[in-house]
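J.: Before I ask anything, let me first share the structure, which is written out below as structure tokens.
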Protein chains: 6
Amino acid sequence: MRKQKPVSESFVRMTELVLPNDTNTLNNLMGGRMMHLMDVAAAISAQRHSNRIVVTASVDNVSFREGIKLGSVVTLEAQVTRSFSSSMEVHIDVWAEDIPSGTKIKSNEAFFTFVAVDQSGRPIDVPEAVPETAAESRLYDDALRRRQLRLVLAGRLKPQEATELKALFELD
Amino acid sequence: MRKQKPVSESFVRMTELVLPNDTNTLNNLMGGRMMHLMDVAAAISAQRHSNRIVVTASVDNVSFREGIKLGSVVTLEAQVTRSFSSSMEVHIDVWAEDIPSGTKIKSNEAFFTFVAVDQSGRPIDVPEAVPETAAESRLYDDALRRRQLRLVLAGRLKPQEATELKALFELD
Amino acid sequence: MRKQKPVSESFVRMTELVLPNDTNTLNNLMGGRMMHLMDVAAAISAQRHSNRIVVTASVDNVSFREGIKLGSVVTLEAQVTRSFSSSMEVHIDVWAEDIPSGTKIKSNEAFFTFVAVDQSGRPIDVPEAVPETAAESRLYDDALRRRQLRLVLAGRLKPQEATELKALFELD
Amino acid sequence: MRKQKPVSESFVRMTELVLPNDTNTLNNLMGGRMMHLMDVAAAISAQRHSNRIVVTASVDNVSFREGIKLGSVVTLEAQVTRSFSSSMEVHIDVWAEDIPSGTKIKSNEAFFTFVAVDQSGRPIDVPEAVPETAAESRLYDDALRRRQLRLVLAGRLKPQEATELKALFELD
Amino acid sequence: MRKQKPVSESFVRMTELVLPNDTNTLNNLMGGRMMHLMDVAAAISAQRHSNRIVVTASVDNVSFREGIKLGSVVTLEAQVTRSFSSSMEVHIDVWAEDIPSGTKIKSNEAFFTFVAVDQSGRPIDVPEAVPETAAESRLYDDALRRRQLRLVLAGRLKPQEATELKALFELD
Amino acid sequence: MRKQKPVSESFVRMTELVLPNDTNTLNNLMGGRMMHLMDVAAAISAQRHSNRIVVTASVDNVSFREGIKLGSVVTLEAQVTRSFSSSMEVHIDVWAEDIPSGTKIKSNEAFFTFVAVDQSGRPIDVPEAVPETAAESRLYDDALRRRQLRLVLAGRLKPQEATELKALFELD
């Protein structure tokens, strides 16, 4: 039987300062730099779950809201939601904190998927990810639907066969 | 009337060498670094179309295939597909080239959306993006469906109202 | 009366991946890079306590034990221990985590001192830092002795006048 | 008998320009970046003395005075003061130079300790460091006291046994 | 017989955004950063021609005109002009593009020479570079004279023996 | 009368460690990174001579010999040779030092030219550079010929009018 591991053991919190080279000409954090940080935080989370080298397999749709100013503090929290043989979905929450005002706002949220690999780069099975809280269970359950969307968007599943996903678009 | 501009004027080609700090412990380019490069190439494309500062609004689902080795050459090609008042969708193609063997393979493909802003960061209208070739027209037409998916995923459009998208999931 | 703030509100956890450029020719994290990370984590902590720009005023003696390998995960936890008018002492704990084995060992511990400044760089008073747990109280109490040592080492206090410190060196 | 080498052969001068990413929101060099530079300069000095790979063993108390502005020139001078079997103490002086005014002020001073290691990371003996000038001799002599302080602070020597150090705190 | 390859197969276009750390205190791209970009673009071009690791052998005189502002887009185009046993001359054109005004001006032009090497760093023959257009033929023909100048400047050819070069300095 | 300043006051020594990201796939320092370092060292030297912001105006032919290994120590020494109204020629010597063997070899030599500018970027006169030693005088005298070559190569002087240069190519 596959090893089991609570999802909370993969929790990662990363804190970063927005530096000049991270910003555009409006002095706001660039989207690409933000995604780089998300990828590092999420990869560490997937490594903690699998105790393996991991490679990024996909990034779900990410949207960016308010600009984050130079000198702000960015906090990223990442945790595995569910695993599928050699792959793991990781959920990432991002907050931006403005030091003078002390305000901290939710900036982004994203799902990244990683594959655990051995030293020659071949996929290798990972422990089963076990949710323990209500919030973890919801993320665990919805992981199936997000996975179908990824497969449809990658052209590896016909939309008509994406049962979980289809339900979303039906009126009754 | 809104200014018109052929999408081809926004074409950008970017070439990068994979350096040690861009790689994971398997000596492959990290996904986050790849997304950083995509964001820069796509932002330059959106800037060329709008002659404005642009900010990343969203990134569509990206999937990663083969690892790209340290020392490889990565080529990114970005071009605006369509504009919507102040926003522009940009299509990015990525190739990885292995120098000793001379092989060049398609590595990734992605859609990023940017918003043009003025000096105080407020959205500002951009020229209409005009497709000229058959391939450009196909990207232009499908931009509507991708936009609906983005709105649905961001919780700003009900799935049942996403007409273009719904069609995909229906059997006949 | 001076504003009071629990020290726990300044808690910061930072997680970093050891990348190639962070390492020496033995593939171990360089000491200077580690201190750079400590300074960033501690500065964010002092900024959270003071809601001000802060500048590094001093770093206490730091010792380095085991080497930390390329690809390891470094976790830094920083928290203000005590404040003195415009300055704050911050305690930093560092752990190194080896992913394949899942082992996490304590790597370093340090005390950094920061001064809060206004926009023109002049020192400005910060809230009083209030310890709440036994561990926080111990760090708070010992802060006086560490401060005397700093002043003695900076030549700003005569050793004979460093009452707290002298006690250490007396036999009975 | 152990090989002898004049301390002056380990002299290193390093000159750096303060770039945007090195600075905080007041446009001053960040303390962590300064310590990173100190570590590199001091490590090169210890490498010159030992002709070996070296690892940072400890950093003595460092204090920071005036802010160093963006665009300033930072000069670091490092030289081994004394060696103890496999370890070397290095003294570092830092100056900040403001180009428009042509003023150059002493900014910092620090002592770093390095251990020479072989290819598998095991400590290995280094040449004896021989002072030749009066200033070099003073640094050589005081190295013992600094070493005792390091051992006391690292909890590896009881304060009461630190003879050299105790003398400092006694009135007569 | 030596393999032949059209020079156009080595064409590289690289696009870069000028970031804060690339600039001096006037917010203009630093010359050293520009040369770094030129070297990367030219090296990729020489690698494409030779399918080998290449090392920079020399850089011809480069002059810099107008400053390039922070936030500008820099485009580099590199192409092999001619090969000589194991070495290749690469021509690089650089443009600077100001986004708000949409102006794009020629900024620099340079010639870099690379040597193809095998895995142990020994020079190895490369394909013959074949020009196909009139502009490529002119660059091909003039490569001989530039090569003589390089050899004279490196002290490896007597000025009086540099026949191609001498012609330049004669009145009739 | 124009202010005079000994060339030796502009002397700069810079020491750098070759890090992973500075190297190509043979683990040798890349040419572009070397030129970046040369530009920084030379710019600091020109700033010291002029007490002004300086911009790179041109780089003379540079040739690269032996590869410099990862982990090596690179030492750059830069000094102004001569000034012409607002421009300064700077001579740079580069050494590469291999730590285990203790060998230090001359790696490169180059001449960079800088222009001093005021806050709005306009050229501004600099002090006259006065040579004091025989070696400094030789560099001072030959500066004229190098300047003519630069002007000829930039197309700003006809070869036939470059008197100093012509002499080189004549047999008697």
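The way I read the labels, and the way they are meant: chains A, B, ... in the order of the structure tokens, residue 1 as the first residue of every chain, and ligand 1 as the first ligand shown, with later ones counted on from there.
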Can you list, as a ChimeraX atom specification, every protein, DNA or RNA residue that comes within 12 Å of Pro131 of chain B when you count only C-alpha atoms, leaving out same-chain residues fewer than 5 positions away?
T.: /B:4-10,79-83,136-141,143
J.: Can you write out as a tab-separated table which residues of chain E fall within 10 Å of chain A, alongside each residue's closest atom pair and its distance in Å to one decimal, counting only C-alpha atoms and ordering rows by chain and ascending residue number?
T.:
```
residue	atom	partner	partner_atom	distance
E:Leu17	CA	A:Asn24	CA	9.7
E:Val18	CA	A:Asn21	CA	9.8
E:Leu19	CA	A:Asn21	CA	6.0
E:Pro20	CA	A:Asn21	CA	5.4
E:Asn21	CA	A:Asn21	CA	6.0
E:Asp22	CA	A:Asn21	CA	8.8
E:Leu70	CA	A:Thr25	CA	7.8
E:Gly71	CA	A:Thr25	CA	6.2
E:Ser72	CA	A:Thr25	CA	9.8
```
J.: Report the residues of segment 22-169 of chain C whose backbone DSSP state falls under helix (DSSP H, G or I), written as an MDAnalysis selection string.
T.: chainID C and resid 22 31:50 134:153 159:161 163:168
J.: Rounded to one decimal in Å, what is the spacing between atom CA of Ile68 of chain A and atom CA of Ala41 of chain B?
T.: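 These atoms are spaced 20.7 Å apart.
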J.: Just the residues within 9 Å of Val55 of chain C, please, counting only C-alpha atoms, with nothing from its chain fewer than 5 positions along; format it as an mmCIF file with all heavy atoms, in the first residue's frame.
T.:
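Dumped to result-v8.cif:
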```
data_model
loop_
_atom_site.group_PDB
_atom_site.id
_atom_site.type_symbol
_atom_site.label_atom_id
_atom_site.label_comp_id
_atom_site.auth_asym_id
_atom_site.auth_seq_id
_atom_site.Cartn_x
_atom_site.Cartn_y
_atom_site.Cartn_z
ATOM 1 N N ALA C 43 15.279 42.239 9.136
ATOM 2 C CA ALA C 43 14.805 43.585 8.794
ATOM 3 C C ALA C 43 13.285 43.584 8.624
ATOM 4 O O ALA C 43 12.604 44.504 9.079
ATOM 5 C CB ALA C 43 15.478 44.083 7.514
ATOM 6 N N THR C 113 20.643 44.003 15.278
ATOM 7 C CA THR C 113 19.983 45.185 15.830
ATOM 8 C C THR C 113 19.682 46.170 14.707
ATOM 9 O O THR C 113 20.535 46.391 13.838
ATOM 10 C CB THR C 113 20.853 45.858 16.902
ATOM 11 O OG1 THR C 113 21.258 44.848 17.823
ATOM 12 C CG2 THR C 113 20.095 46.936 17.646
ATOM 13 N N PHE C 114 18.475 46.717 14.724
ATOM 14 C CA PHE C 114 18.052 47.667 13.698
ATOM 15 C C PHE C 114 17.621 48.972 14.342
ATOM 16 O O PHE C 114 17.155 48.979 15.477
ATOM 17 C CB PHE C 114 16.866 47.110 12.900
ATOM 18 C CG PHE C 114 17.258 45.923 12.069
ATOM 19 C CD1 PHE C 114 17.259 44.637 12.615
ATOM 20 C CD2 PHE C 114 17.672 46.084 10.765
ATOM 21 C CE1 PHE C 114 17.651 43.546 11.859
ATOM 22 C CE2 PHE C 114 18.065 44.997 10.002
ATOM 23 C CZ PHE C 114 18.068 43.721 10.553
ATOM 24 N N VAL C 115 17.739 50.058 13.588
ATOM 25 C CA VAL C 115 17.233 51.347 14.040
ATOM 26 C C VAL C 115 16.127 51.761 13.081
ATOM 27 O O VAL C 115 16.291 51.658 11.864
ATOM 28 C CB VAL C 115 18.364 52.399 14.067
ATOM 29 C CG1 VAL C 115 17.810 53.798 14.324
ATOM 30 C CG2 VAL C 115 19.382 52.043 15.140
ATOM 31 N N ALA C 116 14.991 52.196 13.634
ATOM 32 C CA ALA C 116 13.898 52.693 12.797
ATOM 33 C C ALA C 116 14.210 54.143 12.445
ATOM 34 O O ALA C 116 14.678 54.908 13.291
ATOM 35 C CB ALA C 116 12.579 52.612 13.555
ATOM 36 N N VAL C 117 13.975 54.508 11.190
ATOM 37 C CA VAL C 117 14.267 55.879 10.756
ATOM 38 C C VAL C 117 13.084 56.464 9.993
ATOM 39 O O VAL C 117 12.256 55.742 9.445
ATOM 40 C CB VAL C 117 15.518 55.932 9.845
ATOM 41 C CG1 VAL C 117 16.773 55.542 10.607
ATOM 42 C CG2 VAL C 117 15.342 55.038 8.624
ATOM 43 N N GLY C 121 15.888 59.660 7.171
ATOM 44 C CA GLY C 121 16.931 58.822 7.737
ATOM 45 C C GLY C 121 17.249 59.094 9.196
ATOM 46 O O GLY C 121 18.212 58.567 9.743
ATOM 47 N N ASN D 24 18.164 49.731 0.180
ATOM 48 C CA ASN D 24 16.820 49.727 0.780
ATOM 49 C C ASN D 24 16.011 50.909 0.226
ATOM 50 O O ASN D 24 16.482 51.612 -0.672
ATOM 51 C CB ASN D 24 16.919 49.785 2.306
ATOM 52 C CG ASN D 24 17.642 51.037 2.788
ATOM 53 O OD1 ASN D 24 17.783 52.017 2.051
ATOM 54 N ND2 ASN D 24 18.095 51.009 4.023
ATOM 55 N N ASN D 28 20.002 53.397 0.505
ATOM 56 C CA ASN D 28 21.263 53.102 1.181
ATOM 57 C C ASN D 28 21.589 51.613 1.075
ATOM 58 O O ASN D 28 20.688 50.777 1.080
ATOM 59 C CB ASN D 28 21.177 53.466 2.665
ATOM 60 C CG ASN D 28 21.262 54.960 2.887
ATOM 61 O OD1 ASN D 28 21.850 55.671 2.080
ATOM 62 N ND2 ASN D 28 20.660 55.435 3.964
ATOM 63 N N MET D 30 22.209 47.960 1.868
ATOM 64 C CA MET D 30 21.646 47.151 2.951
ATOM 65 C C MET D 30 22.762 46.429 3.713
ATOM 66 O O MET D 30 23.746 45.980 3.109
ATOM 67 C CB MET D 30 20.671 46.125 2.386
ATOM 68 C CG MET D 30 19.381 46.784 1.911
ATOM 69 S SD MET D 30 18.109 45.570 1.427
ATOM 70 C CE MET D 30 18.831 44.905 -0.061
ATOM 71 N N GLY D 31 22.570 46.287 5.029
ATOM 72 C CA GLY D 31 23.571 45.650 5.877
ATOM 73 C C GLY D 31 23.933 44.245 5.418
ATOM 74 O O GLY D 31 25.086 43.844 5.458
ATOM 75 N N PHE D 64 27.352 49.067 12.194
ATOM 76 C CA PHE D 64 27.190 49.874 10.991
ATOM 77 C C PHE D 64 26.931 51.304 11.403
ATOM 78 O O PHE D 64 26.132 51.550 12.296
ATOM 79 C CB PHE D 64 25.997 49.355 10.188
ATOM 80 C CG PHE D 64 26.198 47.957 9.699
ATOM 81 C CD1 PHE D 64 25.861 46.870 10.490
ATOM 82 C CD2 PHE D 64 26.767 47.727 8.457
ATOM 83 C CE1 PHE D 64 26.073 45.568 10.051
ATOM 84 C CE2 PHE D 64 26.983 46.430 8.011
ATOM 85 C CZ PHE D 64 26.644 45.346 8.816
ATOM 86 N N GLY D 67 24.848 55.581 6.654
ATOM 87 C CA GLY D 67 24.333 54.918 5.460
ATOM 88 C C GLY D 67 25.264 55.185 4.284
ATOM 89 O O GLY D 67 25.902 56.232 4.223
#
```
J.: Which residues come within 6 Å of Leu76 of chain E, counting only C-alpha atoms, excluding same-chain residues fewer than 3 positions away, as a list in words?
T.: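 The neighbour list is Arg13, Met14, Asp93 and Val94 of chain E.
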J.: Output N, CA and C atoms of each residue in that selection to a file, as a JSON list (two decimals), in the first residue's frame.
T.:
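Output below, filename out-v8.json:
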```json
[["chain", "number", "residue", "atom", "x", "y", "z"],
["E", 13, "ARG", "N", 18.27, 36.68, -32.67],
["E", 13, "ARG", "CA", 17.72, 37.95, -32.20],
["E", 13, "ARG", "C", 17.38, 37.82, -30.72],
["E", 14, "MET", "N", 17.88, 38.77, -29.95],
["E", 14, "MET", "CA", 17.70, 38.75, -28.50],
["E", 14, "MET", "C", 17.05, 40.06, -28.10],
["E", 93, "ASP", "N", 24.46, 43.83, -34.18],
["E", 93, "ASP", "CA", 23.79, 45.13, -34.29],
["E", 93, "ASP", "C", 22.92, 45.31, -33.07],
["E", 94, "VAL", "N", 22.91, 46.50, -32.49],
["E", 94, "VAL", "CA", 22.08, 46.73, -31.31],
["E", 94, "VAL", "C", 21.15, 47.92, -31.54]]
```
J.: Could you list, as a list of chain:residue names, every residue within 8 Å of Val73 of chain D, counting only C-alpha atoms and ignoring same-chain residues fewer than 3 positions away?
T.: D:Thr15, D:Glu16, D:Leu17, D:Val18, D:Ala96, D:Glu97, D:Asp98, D:Ile99, F:Ile44
